[in-house]
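Asks: Can you keep this structure in mind? I'll have questions shortly.
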There are 2 protein chains.
Amino acid sequence: MSTATKGLEGVVAAETEMSFIDGEKGVLEYVGIEIDALARHSTFEETVYLLWNRRLPTRAELDAFTKDLRAHYDLPAPILTLIKTFPKDAQPMHVLRTAVSALALFDNDDPNSVEPDAYRAKGLAIMARAPAIIAAFDRVRSGKDVIAPDKSLSFASNFLYMLNNEKPTKTMERAFDTCMILHADHGLNASTFTGRVIASTLSDIYSVMSGAIGALRGPLHGGANEGVMHTLNEIGSLDRVDAYMKDALANKKKIMGFGHRVYKAYDPRATYLKTLAEQLAKDTGNEQFYKMSKKIEDIMHEAVAAKGIYPNVDFYSATTYHCLGLKLDLFTPMFALSRISGWAGHCIEQLSANRLIRPSADYVGPHGVAYVPIEKR
Amino acid sequence: MSTATKGLEGVVAAETEMSFIDGEKGVLEYVGIEIDALARHSTFEETVYLLWNRRLPTRAELDAFTKDLRAHYDLPAPILTLIKTFPKDAQPMHVLRTAVSALALFDNDDPNSVEPDAYRAKGLAIMARAPAIIAAFDRVRSGKDVIAPDKSLSFASNFLYMLNNEKPTKTMERAFDTCMILHADHGLNASTFTGRVIASTLSDIYSVMSGAIGALRGPLHGGANEGVMHTLNEIGSLDRVDAYMKDALANKKKIMGFGHRVYKAYDPRATYLKTLAEQLAKDTGNEQFYKMSKKIEDIMHEAVAAKGIYPNVDFYSATTYHCLGLKLDLFTPMFALSRISGWAGHCIEQLSANRLIRPSADYVGPHGVAYVPIEKR
């Protein structure tokens, strides 16, 4: 097998009208709009509408979309019961994957429908319910009451409310909403590609979503934001950054949150997130934490920026989530809450011009081997 | 996007030492041994050993492997409890995906380990438990007691025993075991590829398996064997085959169980399966059913064999499963029970020389679109 196809790097596997990435220049656009403009001016709801409809909504369209989303904030009662049976030490990504898979069992329409309208409606409902799954599990494992959603709140605000039983400040809501915008879609990343492969068999959206959540869990994908936090925890304080980084660079240790398969320039999702993280750190008394991240970035910049290794979106989302008071093992699920929208959008695209995704393997074993009966082996 | 890459047809995405397919000649080998020889002489347990170890086992090795497999026939108690909470009208593929996903929650070791030994041990345990999940759900939905596994029985025999509370006849066991052998591995089919993409993020085997089960569910993949049965039910009797087929061919209706992305010759898995199906149909008083299938094959042969369209493995497995008394919606889960072994083997291969599988998308939307505030839209 040529190295060119290993990992399918550079192989075009699908068409999309959703996101465009120029890794060399550090550009990410959603339907032609720069991610930085969306991060600064849009909301997650509006961004999802944009991705799914290929244009920004009018006020009336956005209101209708938001109303529809909020109508699905509640979890079906059996899913809540299910979550309560899960071990308290279970990992939230396993919980999310299992509960989203289980939603299929309680879908009163045909869960297997791949009709565009049904698929989209189910995608919206899964996206609306995923925050409730995570919040409920986190409350249950902490011995706290589950908080019912508040349908007057935005996606971001409602999640933080269900998690903390307290409405977030404007800064907190804005920071979380921005993280949701930044993570919504990103070309054919591994989880999105997983979803498209599953959808290409004409399988159902619950199968797509549970497969994609599984792929996102991996440390080489969504799991990386937890890796960043591990590093920050390991370093522990600002005065230890220098020594840690000196040692890490000397021993060629991988620093989580730097470098990306696609970006050889500054990850355009990290730019505004860095500003937000700084503000949030100030507001929540976590300045030391932001400074630690910034110092790591500066040291890395000097050492490896020339090689095209820059902070990626995971690097400053770790600081942001930490400042929002999120537990470490909720970081990757946060990525999922947002990316569900991208997965749904991609699978709708896949189904609109479907062909089964079925590559070939290069067989490198022996041929013409005889079957020898066991007594003669 | 060129049509050549649509569906990644012909694109080499991984190396494997497990199965070799020559679609033009109609050849399938597992580690160099022709599938027909394995179908006739091997057992499913031995076949899985072969796939995972790249050679046939000695008696002692096979005994140890079998013992290890049987030790995991039991379901963890909470999984059984979970299955009992599922709606009786849930579809078994959704149940299997959800229960396999939930196994991660009750894995007392690290469910996320990608160490080769741990991954393999977990793969073996999932493979051992999947039949118990399906049998338990089928018993529960029918209002029957769940039957505990019998660890003195083979994989095939134990499944039929747990399903029917009756040990199968030798012919039944042999037919089912052969189906398991034939479905164990098949290059980079969509579910196996899904599994490899998920594994390539260094995600856990529960994520891999639930994603792969989801992909297998699709009507363009594992779901096709249920499609065959639907057609047979629709036709209903031998004397109606001619009229049905005449109409279907005239209207270019797709006949399920014929044609394959890879095979342009007779599917080598169908050869021996056809013989077995005939025998089993006789033994179980389903001769009319086999004759109906055979007649469809003959008509199709005359009409489309010249175009490289032949019966595939799904065609005669439908007859076989029907003769074994399996309900229609258990057909695709049967495929999964076997293919779990292939998924595990492929992911062990993937991890042994891993590179994140992350292709590119061809962005076909607009660029440089301004963000217009909502009040100006």
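Chains: A, B, ... in order of the structure tokens. Residues: from 1 per chain. Ligands: from 1, in order shown.
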Which neighbours of range 229-232 of chain B fall inside 8 Å, counting only C-alpha atoms, when residues of the same chain fewer than 5 positions from it are skipped, and could you give them as a PyMOL selection string?

Replies: chain B and resi 255-256+292-293+318-319+328

Asks: Could you pull out all residues of range 137-324 of chain A with a DSSP call of helix (DSSP H, G or I) and give them as JSON, numbers by chain?

Replies: {"A": [137, 138, 139, 140, 141, 155, 156, 157, 158, 159, 160, 161, 162, 163, 164, 170, 171, 172, 173, 174, 175, 176, 177, 178, 179, 180, 181, 182, 183, 190, 191, 192, 193, 194, 195, 196, 197, 198, 199, 200, 205, 206, 207, 208, 209, 210, 211, 212, 213, 214, 215, 216, 224, 225, 226, 227, 228, 229, 230, 231, 232, 233, 234, 235, 238, 239, 240, 241, 242, 243, 244, 245, 246, 247, 248, 249, 250, 268, 269, 270, 271, 272, 273, 274, 275, 276, 277, 278, 279, 280, 281, 282, 283, 287, 288, 289, 290, 291, 292, 293, 294, 295, 296, 297, 298, 299, 300, 301, 302, 303, 304, 305, 306, 307, 313, 314, 315, 316, 317, 318, 319, 320, 321, 322, 323]}

Asks: Just want the 8 Å neighbourhood of His346 in chain A, counted on only C-alpha atoms, with same-chain residues fewer than 3 positions away dropped. Output as a ChimeraX atom specification.

Replies: /A:16,18,192,195-196,342-343,349-350

Asks: Keeping only C-alpha atoms, write the selected residues to a file as a compact mmCIF listing (two decimals), in the first residue's frame.

Replies:
# COMPACT_ATOMS: atom_id res chain seq x y z
CA THR A 16 -19.85 18.88 1.01
CA MET A 18 -20.98 22.83 4.66
CA THR A 192 -18.02 12.74 10.49
CA GLY A 195 -21.14 8.84 10.22
CA ARG A 196 -21.13 9.14 6.42
CA GLY A 342 -22.30 18.50 11.70
CA TRP A 343 -22.84 14.74 11.65
CA GLU A 349 -25.72 15.37 2.24
CA GLN A 350 -24.58 11.76 1.94

Asks: Once you count only C-alpha atoms, which residues of chain B turn out to be within 6 Å of chain A? Could you give them as JSON, numbers by chain?

Replies: {"B": [7, 8, 9, 10, 11, 12, 13, 14, 15, 16, 17, 20, 32, 33, 58, 90, 98, 101, 102, 105, 187, 188, 189, 190, 194, 198, 201, 202, 203, 207, 211, 214, 215, 217, 218, 219, 220, 221, 355, 356, 357, 358, 359, 360, 361, 362, 363, 364, 365, 366, 367, 368, 369, 370, 377]}

Asks: Which value, in Å to one decimal, gives the distance between CA of Cys323 in chain A and CA of Phe335 in chain A?

Replies: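 Rounded to one decimal, the two atoms are 16.0 Å apart.
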
Asks: Neighbours of range 118-122 of chain B within 8 Å (only C-alpha atoms; same-chain residues fewer than 5 positions away dropped), as an MDAnalysis selection string?

Replies: chainID B and resid 113 205 344 348

Asks: Hey, can you spit out that residue selection with all heavy atoms as a short mmCIF file (atom, residue, chain, number, x, y, z; two decimals), in the first residue's frame?

Replies:
data_model
loop_
_atom_site.label_atom_id
_atom_site.label_comp_id
_atom_site.auth_asym_id
_atom_site.auth_seq_id
_atom_site.Cartn_x
_atom_site.Cartn_y
_atom_site.Cartn_z
N SER B 113 -8.88 0.61 26.96
CA SER B 113 -7.54 0.13 26.63
C SER B 113 -7.44 -0.29 25.17
O SER B 113 -8.30 -0.98 24.64
CB SER B 113 -7.18 -1.07 27.52
OG SER B 113 -5.91 -1.57 27.12
N ILE B 205 -12.92 -0.52 21.95
CA ILE B 205 -13.54 -1.57 21.14
C ILE B 205 -15.07 -1.55 21.24
O ILE B 205 -15.76 -2.00 20.32
CB ILE B 205 -12.96 -2.96 21.47
CG1 ILE B 205 -13.34 -3.97 20.38
CG2 ILE B 205 -13.39 -3.43 22.86
CD1 ILE B 205 -12.49 -5.22 20.34
N ALA B 344 -13.18 -7.32 15.09
CA ALA B 344 -12.13 -7.34 16.11
C ALA B 344 -10.77 -7.57 15.46
O ALA B 344 -9.80 -6.86 15.74
CB ALA B 344 -12.42 -8.43 17.15
N ILE B 348 -7.54 -4.95 15.44
CA ILE B 348 -6.23 -5.33 15.97
C ILE B 348 -5.16 -5.03 14.90
O ILE B 348 -4.11 -4.46 15.21
CB ILE B 348 -6.23 -6.81 16.41
CG1 ILE B 348 -7.16 -6.98 17.63
CG2 ILE B 348 -4.81 -7.28 16.74
CD1 ILE B 348 -7.54 -8.42 17.94
#

Asks: Please list as a PyMOL selection string every residue within 10 Å of range 311-315 of chain A, counting only C-alpha atoms and excluding residues in the same chain fewer than 6 positions away.

Replies: chain A and resi 179+182-183+221-229+255-260+263+265-271+273-274+293-294+296-297+300-301+305+331-332+335

Asks: How would the residues just chosen look if you wrote them out with N, CA, C and O atoms as a compact mmCIF listing (two decimals), in the first residue's frame?

Replies:
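The file below, selection.txt, is the result:
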# COMPACT_ATOMS: atom_id res chain seq x y z
N CYS A 179 -17.98 27.97 21.86
CA CYS A 179 -17.38 26.63 21.71
C CYS A 179 -18.26 25.75 20.83
O CYS A 179 -17.76 25.00 19.99
N LEU A 182 -17.81 26.77 17.20
CA LEU A 182 -16.50 26.41 16.67
C LEU A 182 -16.36 24.91 16.38
O LEU A 182 -15.57 24.51 15.54
N HIS A 183 -17.11 24.10 17.11
CA HIS A 183 -16.97 22.64 16.95
C HIS A 183 -18.03 22.02 16.05
O HIS A 183 -18.03 20.80 15.86
N HIS A 221 -8.73 12.14 18.29
CA HIS A 221 -9.81 12.97 17.72
C HIS A 221 -10.37 13.82 18.87
O HIS A 221 -9.63 14.59 19.46
N GLY A 222 -11.61 13.67 19.21
CA GLY A 222 -12.23 14.53 20.23
C GLY A 222 -11.61 14.37 21.61
O GLY A 222 -11.67 15.29 22.43
N GLY A 223 -11.06 13.18 21.85
CA GLY A 223 -10.46 12.93 23.16
C GLY A 223 -9.28 13.83 23.47
O GLY A 223 -8.84 13.91 24.62
N ALA A 224 -8.78 14.52 22.44
CA ALA A 224 -7.58 15.34 22.64
C ALA A 224 -7.79 16.48 23.63
O ALA A 224 -6.86 16.88 24.33
N ASN A 225 -9.01 17.03 23.70
CA ASN A 225 -9.20 18.16 24.62
C ASN A 225 -9.04 17.73 26.08
O ASN A 225 -8.59 18.50 26.92
N GLU A 226 -9.36 16.45 26.37
CA GLU A 226 -9.11 15.95 27.73
C GLU A 226 -7.60 15.79 27.95
O GLU A 226 -7.10 16.01 29.06
N GLY A 227 -6.90 15.44 26.88
CA GLY A 227 -5.45 15.31 26.97
C GLY A 227 -4.78 16.63 27.34
O GLY A 227 -3.84 16.68 28.14
N VAL A 228 -5.29 17.73 26.77
CA VAL A 228 -4.75 19.06 27.09
C VAL A 228 -4.90 19.33 28.58
O VAL A 228 -3.96 19.76 29.26
N MET A 229 -6.08 19.01 29.08
CA MET A 229 -6.36 19.27 30.50
C MET A 229 -5.47 18.41 31.39
O MET A 229 -5.01 18.88 32.44
N ILE A 255 2.98 17.31 22.90
CA ILE A 255 2.20 18.24 23.73
C ILE A 255 0.79 18.28 23.16
O ILE A 255 0.58 18.71 22.02
N MET A 256 -0.18 17.86 23.94
CA MET A 256 -1.56 17.80 23.47
C MET A 256 -2.08 19.20 23.19
O MET A 256 -1.77 20.14 23.91
N GLY A 257 -2.91 19.30 22.12
CA GLY A 257 -3.49 20.59 21.79
C GLY A 257 -2.68 21.37 20.78
O GLY A 257 -3.01 22.51 20.45
N PHE A 258 -1.61 20.76 20.29
CA PHE A 258 -0.79 21.42 19.25
C PHE A 258 -0.70 20.53 18.03
O PHE A 258 -0.56 19.31 18.14
N GLY A 259 -0.76 21.17 16.87
CA GLY A 259 -0.64 20.43 15.62
C GLY A 259 -1.99 19.84 15.22
O GLY A 259 -2.87 19.63 16.07
N HIS A 260 -2.19 19.65 13.93
CA HIS A 260 -3.46 19.15 13.42
C HIS A 260 -3.19 18.53 12.06
O HIS A 260 -2.35 19.03 11.30
N TYR A 263 -4.42 21.51 9.64
CA TYR A 263 -3.87 22.87 9.76
C TYR A 263 -2.36 22.86 9.89
O TYR A 263 -1.80 22.21 10.76
N ALA A 265 -1.10 26.00 9.85
CA ALA A 265 -1.06 27.39 10.30
C ALA A 265 -1.89 27.46 11.59
O ALA A 265 -2.35 26.44 12.08
N TYR A 266 -2.09 28.67 12.11
CA TYR A 266 -2.88 28.82 13.34
C TYR A 266 -4.30 28.32 13.09
O TYR A 266 -4.94 28.72 12.11
N ASP A 267 -4.78 27.44 13.93
CA ASP A 267 -6.14 26.92 13.81
C ASP A 267 -7.12 28.09 13.95
O ASP A 267 -7.16 28.74 15.01
N PRO A 268 -7.87 28.41 12.90
CA PRO A 268 -8.71 29.62 12.93
C PRO A 268 -9.79 29.56 14.01
O PRO A 268 -10.38 30.59 14.36
N ARG A 269 -10.04 28.38 14.55
CA ARG A 269 -11.01 28.25 15.63
C ARG A 269 -10.41 28.68 16.96
O ARG A 269 -11.12 28.96 17.93
N ALA A 270 -9.08 28.68 17.01
CA ALA A 270 -8.42 28.99 18.28
C ALA A 270 -8.29 30.50 18.52
O ALA A 270 -8.20 30.95 19.66
N THR A 271 -8.34 31.29 17.45
CA THR A 271 -8.09 32.73 17.57
C THR A 271 -9.04 33.42 18.55
O THR A 271 -8.63 33.99 19.55
N LEU A 273 -11.35 31.99 20.36
CA LEU A 273 -11.51 31.19 21.57
C LEU A 273 -10.47 31.61 22.62
O LEU A 273 -10.77 31.65 23.82
N LYS A 274 -9.27 31.95 22.14
CA LYS A 274 -8.20 32.38 23.04
C LYS A 274 -8.61 33.67 23.77
O LYS A 274 -8.45 33.78 24.98
N SER A 293 -1.60 28.40 30.08
CA SER A 293 -1.84 28.01 28.68
C SER A 293 -1.07 28.92 27.73
O SER A 293 -0.44 28.47 26.78
N LYS A 294 -1.17 30.23 28.02
CA LYS A 294 -0.51 31.21 27.15
C LYS A 294 1.01 30.98 27.12
O LYS A 294 1.64 31.06 26.06
N ILE A 296 2.62 28.18 27.67
CA ILE A 296 2.90 26.96 26.88
C ILE A 296 2.87 27.31 25.40
O ILE A 296 3.75 26.92 24.64
N GLU A 297 1.85 28.08 25.02
CA GLU A 297 1.76 28.47 23.61
C GLU A 297 3.00 29.23 23.16
O GLU A 297 3.56 28.96 22.09
N MET A 300 5.94 26.89 22.79
CA MET A 300 5.73 26.04 21.61
C MET A 300 5.92 26.85 20.33
O MET A 300 6.46 26.36 19.34
N HIS A 301 5.47 28.10 20.36
CA HIS A 301 5.59 28.94 19.17
C HIS A 301 7.06 29.07 18.76
O HIS A 301 7.41 28.88 17.60
N ALA A 305 6.63 26.39 15.73
CA ALA A 305 5.74 27.07 14.77
C ALA A 305 6.32 26.99 13.36
O ALA A 305 5.57 26.85 12.38
N PHE A 331 -15.30 17.07 28.87
CA PHE A 331 -14.75 17.87 27.77
C PHE A 331 -15.09 17.26 26.40
O PHE A 331 -15.57 17.95 25.51
N THR A 332 -14.80 15.97 26.25
CA THR A 332 -15.08 15.35 24.94
C THR A 332 -16.58 15.31 24.66
O THR A 332 -17.00 15.60 23.53
N PHE A 335 -17.67 18.45 22.95
CA PHE A 335 -17.37 18.40 21.52
C PHE A 335 -18.52 17.69 20.80
O PHE A 335 -19.05 18.17 19.78

Asks: Of the residues B:Ala125, B:Leu80, B:Ala336, B:Ala175, which is the one nearest to Arg139 in chain B, using only C-alpha atoms?

Replies: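 For Arg139 in chain B, the nearest of the given residues is B:Leu80.
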
Asks: Leaving out Glu278 in chain B and any residue of its chain fewer than 4 positions from it, which residues lie within 9 Å of it when counting only C-alpha atoms, given as a PDB file with N, CA, C and O atoms, in the first residue's frame?

Replies:
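What ended up in out-v4.pdb:
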ATOM      1  N   LEU B 273     -23.313 -22.947   0.846  1.00  0.00           N
ATOM      2  CA  LEU B 273     -24.503 -22.547   1.597  1.00  0.00           C
ATOM      3  C   LEU B 273     -25.768 -23.031   0.882  1.00  0.00           C
ATOM      4  O   LEU B 273     -26.745 -23.453   1.520  1.00  0.00           O
ATOM      5  N   LYS B 274     -25.723 -22.999  -0.436  1.00  0.00           N
ATOM      6  CA  LYS B 274     -26.864 -23.454  -1.233  1.00  0.00           C
ATOM      7  C   LYS B 274     -27.128 -24.940  -0.987  1.00  0.00           C
ATOM      8  O   LYS B 274     -28.285 -25.347  -0.771  1.00  0.00           O
ATOM      9  N   LYS B 282     -35.000 -29.738   3.383  1.00  0.00           N
ATOM     10  CA  LYS B 282     -35.558 -31.103   3.402  1.00  0.00           C
ATOM     11  C   LYS B 282     -35.818 -31.551   4.829  1.00  0.00           C
ATOM     12  O   LYS B 282     -36.913 -31.993   5.174  1.00  0.00           O
ATOM     13  N   ASP B 283     -34.795 -31.426   5.670  1.00  0.00           N
ATOM     14  CA  ASP B 283     -34.868 -31.897   7.059  1.00  0.00           C
ATOM     15  C   ASP B 283     -35.954 -31.210   7.868  1.00  0.00           C
ATOM     16  O   ASP B 283     -36.474 -31.772   8.825  1.00  0.00           O
ATOM     17  N   ASN B 286     -39.192 -27.665   4.736  1.00  0.00           N
ATOM     18  CA  ASN B 286     -39.314 -26.382   4.046  1.00  0.00           C
ATOM     19  C   ASN B 286     -38.892 -26.481   2.575  1.00  0.00           C
ATOM     20  O   ASN B 286     -38.377 -25.517   2.012  1.00  0.00           O
ATOM     21  N   GLU B 287     -39.120 -27.651   1.977  1.00  0.00           N
ATOM     22  CA  GLU B 287     -38.618 -27.848   0.615  1.00  0.00           C
ATOM     23  C   GLU B 287     -39.153 -26.829  -0.382  1.00  0.00           C
ATOM     24  O   GLU B 287     -38.421 -26.366  -1.255  1.00  0.00           O
ATOM     25  N   TYR B 290     -37.046 -23.750  -0.375  1.00  0.00           N
ATOM     26  CA  TYR B 290     -35.775 -23.858  -1.091  1.00  0.00           C
ATOM     27  C   TYR B 290     -36.022 -23.820  -2.591  1.00  0.00           C
ATOM     28  O   TYR B 290     -35.309 -23.143  -3.344  1.00  0.00           O
ATOM     29  N   LYS B 291     -37.044 -24.535  -3.028  1.00  0.00           N
ATOM     30  CA  LYS B 291     -37.352 -24.584  -4.468  1.00  0.00           C
ATOM     31  C   LYS B 291     -37.674 -23.193  -5.026  1.00  0.00           C
ATOM     32  O   LYS B 291     -37.332 -22.869  -6.162  1.00  0.00           O
ATOM     33  N   THR B 319     -32.788 -18.285   3.203  1.00  0.00           N
ATOM     34  CA  THR B 319     -33.437 -19.605   3.248  1.00  0.00           C
ATOM     35  C   THR B 319     -32.970 -20.394   4.472  1.00  0.00           C
ATOM     36  O   THR B 319     -33.773 -21.008   5.179  1.00  0.00           O
ATOM     37  N   THR B 320     -31.663 -20.355   4.703  1.00  0.00           N
ATOM     38  CA  THR B 320     -31.097 -21.111   5.827  1.00  0.00           C
ATOM     39  C   THR B 320     -31.673 -20.628   7.154  1.00  0.00           C
ATOM     40  O   THR B 320     -32.142 -21.432   7.970  1.00  0.00           O
TER      41      THR B 320
END

Asks: Find the residue from B:Val27, B:Ile299, B:Ile235, B:Ala39 that sits nearest to Lys264 in chain B; use only C-alpha atoms when measuring.

Replies: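 Going through B:Val27, B:Ile299, B:Ile235, B:Ala39 one by one, the smallest distance to Lys264 in chain B is for B:Val27.
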
Asks: Considering only strand (DSSP E or B) as DSSP defines it on the backbone, what residues of range 11-242 of chain A qualify? List them as a PyMOL selection string.

Replies: chain A and resi 12-16+19-22+27-30+33-34+186+188

Asks: Since we have the selection now, will you write its residues out, keeping all heavy atoms, as a compact mmCIF listing (two decimals), in the first residue's frame?

Replies:
# COMPACT_ATOMS: atom_id res chain seq x y z
N VAL A 12 -10.09 12.25 -1.58
CA VAL A 12 -11.40 12.89 -1.50
C VAL A 12 -12.47 11.81 -1.41
O VAL A 12 -12.57 10.96 -2.29
CB VAL A 12 -11.65 13.79 -2.73
CG1 VAL A 12 -13.08 14.31 -2.73
CG2 VAL A 12 -10.66 14.95 -2.73
N ALA A 13 -13.23 11.82 -0.34
CA ALA A 13 -14.19 10.75 -0.10
C ALA A 13 -15.64 11.21 -0.17
O ALA A 13 -16.55 10.39 -0.12
CB ALA A 13 -13.92 10.08 1.24
N ALA A 14 -15.86 12.52 -0.27
CA ALA A 14 -17.24 13.02 -0.32
C ALA A 14 -17.24 14.48 -0.76
O ALA A 14 -16.22 15.16 -0.69
CB ALA A 14 -17.90 12.90 1.06
N GLU A 15 -18.39 14.92 -1.20
CA GLU A 15 -18.60 16.34 -1.47
C GLU A 15 -19.36 16.94 -0.32
O GLU A 15 -20.19 16.28 0.30
CB GLU A 15 -19.44 16.52 -2.75
CG GLU A 15 -18.64 16.31 -4.01
CD GLU A 15 -19.47 16.55 -5.26
OE1 GLU A 15 -20.70 16.77 -5.15
OE2 GLU A 15 -18.88 16.51 -6.35
N THR A 16 -19.08 18.20 -0.03
CA THR A 16 -19.85 18.88 1.01
C THR A 16 -20.05 20.34 0.65
O THR A 16 -19.21 20.94 -0.02
CB THR A 16 -19.17 18.76 2.40
OG1 THR A 16 -20.01 19.37 3.38
CG2 THR A 16 -17.80 19.45 2.42
N SER A 19 -18.59 22.89 5.23
CA SER A 19 -17.41 23.63 5.68
C SER A 19 -16.25 23.48 4.71
O SER A 19 -16.07 22.46 4.06
CB SER A 19 -16.99 23.21 7.09
OG SER A 19 -16.78 21.83 7.16
N PHE A 20 -15.48 24.55 4.63
CA PHE A 20 -14.30 24.60 3.77
C PHE A 20 -13.09 24.89 4.65
O PHE A 20 -13.12 25.78 5.49
CB PHE A 20 -14.44 25.71 2.73
CG PHE A 20 -13.16 26.02 2.01
CD1 PHE A 20 -12.66 25.16 1.04
CD2 PHE A 20 -12.41 27.16 2.33
CE1 PHE A 20 -11.46 25.43 0.39
CE2 PHE A 20 -11.21 27.44 1.68
CZ PHE A 20 -10.74 26.56 0.70
N ILE A 21 -12.05 24.10 4.45
CA ILE A 21 -10.84 24.26 5.24
C ILE A 21 -9.66 24.50 4.31
O ILE A 21 -9.47 23.76 3.35
CB ILE A 21 -10.55 22.98 6.07
CG1 ILE A 21 -11.76 22.59 6.92
CG2 ILE A 21 -9.31 23.17 6.94
CD1 ILE A 21 -11.69 21.17 7.46
N ASP A 22 -8.90 25.56 4.57
CA ASP A 22 -7.61 25.71 3.91
C ASP A 22 -6.56 25.62 5.01
O ASP A 22 -6.33 26.58 5.76
CB ASP A 22 -7.53 27.05 3.17
CG ASP A 22 -6.19 27.21 2.42
OD1 ASP A 22 -5.19 26.60 2.85
OD2 ASP A 22 -6.17 27.95 1.43
N VAL A 27 -7.63 28.71 7.25
CA VAL A 27 -8.98 29.25 7.00
C VAL A 27 -10.02 28.15 7.24
O VAL A 27 -9.83 27.01 6.82
CB VAL A 27 -9.11 29.73 5.53
CG1 VAL A 27 -10.56 30.08 5.19
CG2 VAL A 27 -8.20 30.93 5.28
N LEU A 28 -11.09 28.51 7.92
CA LEU A 28 -12.26 27.64 8.05
C LEU A 28 -13.48 28.49 7.77
O LEU A 28 -13.67 29.55 8.38
CB LEU A 28 -12.35 27.02 9.45
CG LEU A 28 -13.65 26.27 9.78
CD1 LEU A 28 -13.86 25.05 8.88
CD2 LEU A 28 -13.66 25.83 11.25
N GLU A 29 -14.29 28.05 6.82
CA GLU A 29 -15.55 28.74 6.52
C GLU A 29 -16.71 27.75 6.67
O GLU A 29 -16.57 26.59 6.30
CB GLU A 29 -15.57 29.24 5.06
CG GLU A 29 -14.61 30.36 4.73
CD GLU A 29 -14.57 30.66 3.22
OE1 GLU A 29 -15.08 29.86 2.41
OE2 GLU A 29 -14.01 31.70 2.86
N TYR A 30 -17.81 28.24 7.20
CA TYR A 30 -19.06 27.47 7.18
C TYR A 30 -19.92 28.10 6.07
O TYR A 30 -20.31 29.28 6.19
CB TYR A 30 -19.83 27.58 8.49
CG TYR A 30 -19.27 26.84 9.70
CD1 TYR A 30 -19.82 27.05 10.97
CD2 TYR A 30 -18.21 25.92 9.60
CE1 TYR A 30 -19.35 26.39 12.10
CE2 TYR A 30 -17.73 25.25 10.73
CZ TYR A 30 -18.31 25.50 11.97
OH TYR A 30 -17.84 24.85 13.09
N ILE A 33 -18.83 31.50 5.06
CA ILE A 33 -18.65 32.56 6.06
C ILE A 33 -17.49 32.17 6.99
O ILE A 33 -17.45 31.07 7.52
CB ILE A 33 -19.93 32.78 6.89
CG1 ILE A 33 -21.12 33.10 5.95
CG2 ILE A 33 -19.73 33.88 7.92
CD1 ILE A 33 -22.44 33.28 6.68
N GLU A 34 -16.56 33.11 7.17
CA GLU A 34 -15.41 32.82 8.02
C GLU A 34 -15.83 32.45 9.44
O GLU A 34 -16.69 33.11 10.03
CB GLU A 34 -14.49 34.04 8.07
CG GLU A 34 -13.43 33.99 6.98
CD GLU A 34 -12.32 34.98 7.26
OE1 GLU A 34 -12.59 36.19 7.17
OE2 GLU A 34 -11.20 34.54 7.57
N HIS A 186 -16.41 20.32 10.59
CA HIS A 186 -15.00 20.44 10.21
C HIS A 186 -14.63 19.41 9.15
O HIS A 186 -13.79 18.54 9.36
CB HIS A 186 -14.11 20.29 11.46
CG HIS A 186 -12.78 20.95 11.29
ND1 HIS A 186 -11.60 20.26 11.27
CD2 HIS A 186 -12.48 22.26 11.11
CE1 HIS A 186 -10.61 21.13 11.08
NE2 HIS A 186 -11.11 22.34 11.00
N LEU A 188 -14.28 16.38 6.59
CA LEU A 188 -14.41 14.94 6.78
C LEU A 188 -13.50 14.44 7.89
O LEU A 188 -12.68 13.55 7.67
CB LEU A 188 -14.06 14.20 5.49
CG LEU A 188 -15.21 13.88 4.55
CD1 LEU A 188 -14.81 12.75 3.62
CD2 LEU A 188 -16.48 13.51 5.28

Asks: Rounded to one decimal place, report the CA of Leu163 in chain B-CA of Ile126 in chain B distance in Å.

Replies: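 It comes out at 17.8 Å.
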